[in-house]
file run-v8.csv (CSV, C-alpha atoms)
chain,number,residue,atom,x,y,z
A,1,MET,CA,86.4,81.4,83.2
A,2,LEU,CA,87.9,77.9,82.6
A,3,ARG,CA,86.2,76.0,79.7
A,4,LEU,CA,86.1,72.3,80.0
A,5,ASP,CA,85.0,70.1,77.0
A,6,PHE,CA,83.5,66.8,78.3
A,7,ILE,CA,83.7,63.7,76.0
A,8,PRO,CA,81.6,60.7,77.1
A,9,GLY,CA,82.3,57.0,76.6
A,10,THR,CA,80.4,54.1,75.0
A,11,MET,CA,76.6,54.4,75.3
A,12,CYS,CA,76.9,57.6,77.3
A,13,ASP,CA,75.9,61.2,76.7
A,14,GLU,CA,76.1,64.3,78.8
A,15,ARG,CA,74.1,62.6,81.6
A,16,MET,CA,77.4,60.8,82.4
A,17,TRP,CA,78.6,64.1,83.9
A,18,SER,CA,75.4,65.0,85.7
A,19,GLY,CA,76.7,64.4,89.2
A,20,LEU,CA,80.1,65.9,88.5
A,21,THR,CA,79.7,69.3,86.7
A,22,PRO,CA,77.6,71.0,89.5
A,23,LEU,CA,80.5,70.3,91.9
A,24,LEU,CA,83.1,72.1,89.8
A,25,GLY,CA,81.9,75.6,90.7
A,26,ASP,CA,80.8,78.8,88.9
A,27,GLY,CA,84.2,79.4,87.5
A,28,VAL,CA,83.9,76.5,85.0
A,29,ASP,CA,82.1,76.6,81.7
A,30,CYS,CA,81.1,73.0,81.0
A,31,ARG,CA,80.6,72.0,77.4
A,32,PHE,CA,79.5,68.6,76.2
A,33,VAL,CA,80.9,66.8,73.1
A,34,PRO,CA,78.0,64.8,71.6
A,35,LEU,CA,80.0,61.7,70.8
A,36,GLN,CA,76.7,59.7,70.7
A,37,ALA,CA,75.8,61.5,67.5
A,38,ALA,CA,78.7,59.9,65.6
A,39,HIS,CA,78.4,56.4,64.3
A,40,ASP,CA,81.8,55.7,62.8
A,41,ARG,CA,85.4,56.5,63.7
A,42,ALA,CA,85.8,59.4,61.2
A,43,ALA,CA,82.6,61.0,62.5
A,44,MET,CA,83.8,60.6,66.1
A,45,ARG,CA,87.0,62.4,65.3
A,46,GLN,CA,85.1,65.1,63.5
A,47,THR,CA,82.7,65.6,66.3
A,48,ILE,CA,85.5,66.1,68.8
A,49,ALA,CA,87.2,68.6,66.5
A,50,GLU,CA,84.0,70.5,65.9
A,51,HIS,CA,82.7,70.6,69.5
A,52,SER,CA,85.9,71.3,71.4
A,53,ALA,CA,87.6,74.6,71.9
A,54,PRO,CA,90.5,75.7,69.5
A,55,ALA,CA,92.8,75.2,72.4
A,56,ALA,CA,90.8,72.7,74.5
A,57,ASN,CA,90.8,71.4,78.0
A,58,LEU,CA,89.4,67.9,77.4
A,59,VAL,CA,87.8,65.9,80.2
A,60,ALA,CA,87.1,62.5,78.7
A,61,PHE,CA,85.9,59.1,79.8
A,62,SER,CA,86.7,55.5,78.7
A,63,LEU,CA,86.3,55.3,74.9
A,64,GLY,CA,86.0,59.1,74.8
A,65,ALA,CA,89.4,59.3,76.6
A,66,TYR,CA,91.1,57.1,74.0
A,67,LEU,CA,89.6,59.3,71.2
A,68,ALA,CA,90.8,62.5,73.1
A,69,LEU,CA,94.3,61.0,73.2
A,70,GLU,CA,94.1,60.5,69.4
A,71,HIS,CA,92.9,64.1,69.0
A,72,ALA,CA,95.7,65.4,71.1
A,73,LEU,CA,98.4,63.4,69.3
A,74,ALA,CA,97.0,64.4,65.9
A,75,HIS,CA,96.4,68.1,66.8
A,76,PRO,CA,98.7,69.0,69.7
A,77,GLU,CA,98.1,72.7,69.1
A,78,ARG,CA,94.4,72.2,69.8
A,79,VAL,CA,94.8,70.7,73.3
A,80,ASN,CA,95.8,72.6,76.4
A,81,SER,CA,95.2,69.8,78.9
A,82,LEU,CA,93.8,66.3,79.2
A,83,VAL,CA,91.9,64.7,82.0
A,84,LEU,CA,91.6,61.0,81.1
A,85,ILE,CA,89.2,58.9,83.2
A,86,ALA,CA,89.0,55.1,83.3
A,87,ALA,CA,91.0,54.9,80.1
A,88,SER,CA,93.7,52.8,78.6
A,89,ALA,CA,96.0,53.8,75.8
A,90,LYS,CA,96.5,50.2,74.8
A,91,GLY,CA,94.8,48.5,71.9
A,92,LEU,CA,92.1,45.9,72.6
A,93,GLU,CA,93.3,42.4,73.5
A,94,ALA,CA,92.3,39.5,71.2
A,95,ASP,CA,89.9,38.1,73.8
A,96,GLU,CA,88.1,41.4,74.2
A,97,ILE,CA,87.8,41.8,70.4
A,98,ALA,CA,86.3,38.2,70.3
A,99,ARG,CA,83.9,39.0,73.1
A,100,ARG,CA,82.7,42.1,71.4
A,101,GLN,CA,82.2,40.2,68.1
A,102,ARG,CA,80.1,37.6,69.9
A,103,THR,CA,78.1,40.4,71.6
A,104,MET,CA,77.5,42.1,68.2
A,105,LYS,CA,76.2,38.9,66.7
A,106,VAL,CA,73.8,38.4,69.5
A,107,LEU,CA,72.6,42.0,69.4
A,108,ALA,CA,72.1,42.0,65.7
A,109,SER,CA,69.5,39.2,65.9
A,110,HIS,CA,67.8,40.1,69.2
A,111,ALA,CA,65.8,42.9,70.8
A,112,TYR,CA,67.8,45.2,73.0
A,113,ALA,CA,66.6,45.8,76.5
A,114,GLY,CA,69.5,47.8,77.9
A,115,MET,CA,72.1,46.5,80.3
A,116,SER,CA,71.4,43.4,82.4
A,117,ALA,CA,72.3,43.2,86.1
A,118,ALA,CA,75.2,40.9,85.2
A,119,GLN,CA,76.6,43.5,82.8
A,120,LEU,CA,76.1,46.3,85.2
A,121,ARG,CA,78.2,44.5,87.8
A,122,GLU,CA,81.1,44.5,85.3
A,123,PHE,CA,80.9,48.3,85.3
A,124,VAL,CA,79.7,49.4,88.7
A,125,HIS,CA,81.3,48.8,92.2
A,126,PRO,CA,79.1,46.5,94.4
A,127,ALA,CA,78.7,49.3,96.8
A,128,ASN,CA,76.9,51.4,94.2
A,129,MET,CA,74.7,48.8,92.6
A,130,GLY,CA,71.7,50.0,94.6
A,131,ASP,CA,72.2,53.6,93.8
A,132,PRO,CA,69.6,54.9,91.3
A,133,ALA,CA,71.8,58.0,90.6
A,134,VAL,CA,74.4,55.5,89.2
A,135,VAL,CA,72.6,52.5,87.9
A,136,GLY,CA,69.4,54.3,86.9
A,137,VAL,CA,71.3,56.8,84.8
A,138,ILE,CA,73.4,54.1,83.1
A,139,GLN,CA,70.3,52.0,82.3
A,140,GLN,CA,68.4,55.0,81.0
A,141,MET,CA,71.3,56.1,78.7
A,142,ALA,CA,71.5,52.6,77.3
A,143,LEU,CA,67.8,52.4,76.6
A,144,ASP,CA,67.6,55.9,75.1
A,145,LEU,CA,70.7,55.6,72.9
A,146,GLY,CA,69.8,52.1,71.7
A,147,LYS,CA,71.1,49.0,70.0
A,148,GLU,CA,72.1,50.7,66.7
A,149,LEU,CA,74.5,53.1,68.5
A,150,LEU,CA,76.0,50.3,70.6
A,151,LEU,CA,76.7,48.2,67.5
A,152,ALA,CA,78.2,51.3,65.7
A,153,GLN,CA,80.4,52.2,68.7
A,154,PHE,CA,81.6,48.6,69.1
A,155,ALA,CA,82.5,48.5,65.4
A,156,ALA,CA,84.1,51.9,65.4
A,157,SER,CA,86.3,51.1,68.4
A,158,MET,CA,87.2,47.5,67.6
A,159,GLU,CA,90.5,48.2,65.8
A,160,ARG,CA,92.5,50.7,67.8
A,161,ALA,CA,96.2,51.3,67.7
A,162,ASP,CA,98.3,50.9,70.9
A,163,LEU,CA,99.1,54.5,71.7
A,164,LEU,CA,101.3,53.8,74.8
A,165,ASP,CA,104.6,54.5,73.2
A,166,ARG,CA,103.3,57.8,71.7
A,167,LEU,CA,102.4,59.3,75.1
A,168,SER,CA,105.8,60.9,75.3
A,169,GLU,CA,104.8,63.1,72.4
A,170,LEU,CA,102.2,64.8,74.7
A,171,HIS,CA,103.5,68.1,76.0
A,172,CYS,CA,100.3,69.4,77.7
A,173,PRO,CA,99.5,68.6,81.3
A,174,VAL,CA,97.7,65.2,81.7
A,175,LEU,CA,95.6,64.0,84.6
A,176,LEU,CA,94.9,60.2,84.7
A,177,VAL,CA,92.1,59.1,87.0
A,178,GLY,CA,91.4,55.4,87.7
A,179,SER,CA,89.9,53.1,90.2
A,180,GLU,CA,91.3,49.9,91.8
A,181,GLY,CA,87.8,48.5,91.5
A,182,ASP,CA,87.6,49.1,87.7
A,183,GLN,CA,87.0,45.7,86.0
A,184,LYS,CA,87.5,47.3,82.5
A,185,VAL,CA,90.7,49.2,82.9
A,186,ALA,CA,93.5,47.7,85.0
A,187,ALA,CA,95.4,49.8,87.4
A,188,ALA,CA,98.6,48.6,85.7
A,189,ASP,CA,97.5,50.2,82.4
A,190,LEU,CA,97.1,53.6,84.1
A,191,GLY,CA,100.5,53.1,85.7
A,192,ALA,CA,102.1,52.4,82.3
A,193,MET,CA,100.5,55.5,80.9
A,194,GLN,CA,101.9,57.6,83.6
A,195,ALA,CA,105.4,56.1,83.1
A,196,HIS,CA,105.2,56.9,79.4
A,197,CYS,CA,103.8,60.4,79.8
A,198,PRO,CA,106.3,62.9,81.4
A,199,ASN,CA,103.7,65.6,82.1
A,200,SER,CA,101.1,63.3,83.7
A,201,ARG,CA,99.9,62.7,87.2
A,202,LEU,CA,97.8,59.7,88.3
A,203,THR,CA,95.0,59.6,90.9
A,204,MET,CA,93.4,56.3,91.9
A,205,LEU,CA,90.0,56.5,93.6
A,206,ASP,CA,88.4,54.1,96.0
A,207,GLY,CA,84.9,52.7,96.2
A,208,CYS,CA,84.0,52.9,92.6
A,209,GLY,CA,84.2,50.8,89.4
A,210,HIS,CA,84.5,51.8,85.8
A,211,MET,CA,81.8,54.5,85.8
A,212,ILE,CA,83.8,56.9,87.9
A,213,PRO,CA,82.0,60.2,87.0
A,214,LEU,CA,78.7,58.7,88.2
A,215,GLU,CA,80.1,56.6,91.0
A,216,ALA,CA,82.5,59.1,92.6
A,217,PRO,CA,81.6,62.6,91.5
A,218,GLN,CA,82.8,64.3,94.6
A,219,ALA,CA,86.2,62.7,94.7
A,220,LEU,CA,86.5,63.2,90.9
A,221,ALA,CA,85.5,66.9,91.2
A,222,ALA,CA,88.1,67.5,94.0
A,223,THR,CA,90.8,65.8,91.8
A,224,ILE,CA,89.9,68.0,88.8
A,225,ARG,CA,89.7,71.2,90.8
A,226,GLU,CA,93.1,70.5,92.3
A,227,PHE,CA,94.5,69.8,88.8
A,228,TYR,CA,93.3,73.1,87.4
A,229,LEU,CA,94.0,74.9,90.7
A,230,LEU,CA,90.4,76.0,91.1
A,231,THR,CA,89.5,77.6,94.4
call {"tool": "encode", "arguments": {"input": "run-v8.csv", "output": "structure tokens"}}
result
Amino acid sequence: MLRLDFIPGTMCDERMWSGLTPLLGDGVDCRFVPLQAAHDRAAMRQTIAEHSAPAANLVAFSLGAYLALEHALAHPERVNSLVLIAASAKGLEADEIARRQRTMKVLASHAYAGMSAAQLREFVHPANMGDPAVVGVIQQMALDLGKELLLAQFAASMERADLLDRLSELHCPVLLVGSEGDQKVAAADLGAMQAHCPNSRLTMLDGCGHMIPLEAPQALAATIREFYLLT
């Protein structure tokens, strides 16, 4: 049986994978890394190390995918394969850092009511904004995980090294999955990652935004099954 260790992104938990994992079949043992339990960068790294297999097949989303890359570069003997979804290996741009700092200041002094409709539109494709299996899950995760985790994850991920030039160090197979409709990760970033990573393949999906596992579970499942040659 193939074991896959799933790593969520910012303000996500195992519900991020709820539409995907049932589509992978009985031959897959799905495990979930509780990244939401870690509130600083060191704890995030430790959580991934403790909750992934000794020679892991990591399936990771957004912030989780960046952290999975860090894990694979630091411990190449512990990673058999990587599936990186809606992720960039680049560091944060100055304007994104400034935006997050402004958001943190507002959050620190105001009650948190989850994601607004305007914020959701930055993450979700317009075609999926009316789908409760997408938007409802995102909103509920945000409410359940809360303001303190959001502030902690923003702080922990603010200063991140640009890993693009290090991707050539990866010797395991790498699947990159993106979306042309993703407002958070540019298609050009994924193309650059593929160019720097000799063992990678890139799949771009249609009709979804940043939240690919929730928005396009069937297409993502088919892509993962093909990558791992699952019948």
call {"tool": "residues_around", "arguments": {"input": "run-v8.csv", "residues": "Glu14 (chain A)", "least_positions_apart": "3", "cutoff": "8 Å", "atoms": "only C-alpha atoms", "output": "number ranges by chain"}}
result
A: 6, 8, 17-18, 32-34
call {"tool": "residues_around", "arguments": {"input": "run-v8.csv", "residues": "Cys208 (chain A)", "least_positions_apart": "2", "cutoff": "6 Å", "atoms": "all atoms listed in the file", "output": "ChimeraX atom specification"}}
result
/A:125,181,206,215
call {"tool": "residues_around", "arguments": {"input": "run-v8.csv", "residues": "Ile138 (chain A)", "least_positions_apart": "6", "cutoff": "12 Å", "atoms": "all atoms listed in the file", "output": "tab-separated table (two decimals) with C-alpha atoms, in the frame of the given file"}}
result
chain	number	residue	atom	x	y	z
A	9	GLY	CA	82.30	57.00	76.60
A	10	THR	CA	80.40	54.10	75.00
A	11	MET	CA	76.60	54.40	75.30
A	12	CYS	CA	76.90	57.60	77.30
A	13	ASP	CA	75.90	61.20	76.70
A	14	GLU	CA	76.10	64.30	78.80
A	15	ARG	CA	74.10	62.60	81.60
A	16	MET	CA	77.40	60.80	82.40
A	17	TRP	CA	78.60	64.10	83.90
A	18	SER	CA	75.40	65.00	85.70
A	114	GLY	CA	69.50	47.80	77.90
A	115	MET	CA	72.10	46.50	80.30
A	116	SER	CA	71.40	43.40	82.40
A	117	ALA	CA	72.30	43.20	86.10
A	119	GLN	CA	76.60	43.50	82.80
A	120	LEU	CA	76.10	46.30	85.20
A	121	ARG	CA	78.20	44.50	87.80
A	123	PHE	CA	80.90	48.30	85.30
A	124	VAL	CA	79.70	49.40	88.70
A	128	ASN	CA	76.90	51.40	94.20
A	129	MET	CA	74.70	48.80	92.60
A	131	ASP	CA	72.20	53.60	93.80
A	132	PRO	CA	69.60	54.90	91.30
A	144	ASP	CA	67.60	55.90	75.10
A	145	LEU	CA	70.70	55.60	72.90
A	210	HIS	CA	84.50	51.80	85.80
A	211	MET	CA	81.80	54.50	85.80
A	212	ILE	CA	83.80	56.90	87.90
A	213	PRO	CA	82.00	60.20	87.00
A	214	LEU	CA	78.70	58.70	88.20
A	215	GLU	CA	80.10	56.60	91.00
call {"tool": "residues_around", "arguments": {"input": "run-v8.csv", "residues": "Ala152 (chain A)", "least_positions_apart": "3", "cutoff": "8 Å", "atoms": "only C-alpha atoms", "output": "list in words"}}
result
His39, Asp40, Glu148, Leu149, Ala155 and Ala156 of chain A
call {"tool": "residues_around", "arguments": {"input": "run-v8.csv", "residues": "Cys197 (chain A)", "least_positions_apart": "2", "cutoff": "12 Å", "atoms": "all atoms listed in the file", "output": "VMD selection string"}}
result
chain A and resid 69 82 89 163 to 176 190 to 195 199 to 202
call {"tool": "closest_residue", "arguments": {"input": "run-v8.csv", "among": "A:Arg100, A:Ser62, A:Leu229, A:Ala111", "to": "Asp182 (chain A)", "atoms": "all atoms listed in the file"}}
result
A:Ser62
call {"tool": "residues_near_point", "arguments": {"input": "run-v8.csv", "point": "(82.6, 82.0, 86.8)", "cutoff": "12 Å", "atoms": "all atoms listed in the file", "output": "PyMOL selection string"}}
result
chain A and resi 1-3+24-30+230-231
call {"tool": "residues_near_point", "arguments": {"input": "run-v8.csv", "point": "(83.5, 57.2, 64.6)", "cutoff": "12 Å", "atoms": "all atoms listed in the file", "output": "ChimeraX atom specification"}}
result
/A:10,34-48,63-64,67,149-160
call {"tool": "closest_residue", "arguments": {"input": "run-v8.csv", "among": "A:Ala161, A:Ala133, A:Ala221, A:Val177", "to": "Lys90 (chain A)", "atoms": "only C-alpha atoms"}}
result
A:Ala161
call {"tool": "atom_distance", "arguments": {"input": "run-v8.csv", "atom1": "CA of Ala222 (chain A)", "atom2": "CA of Thr21 (chain A)"}}
result
11.3 Å
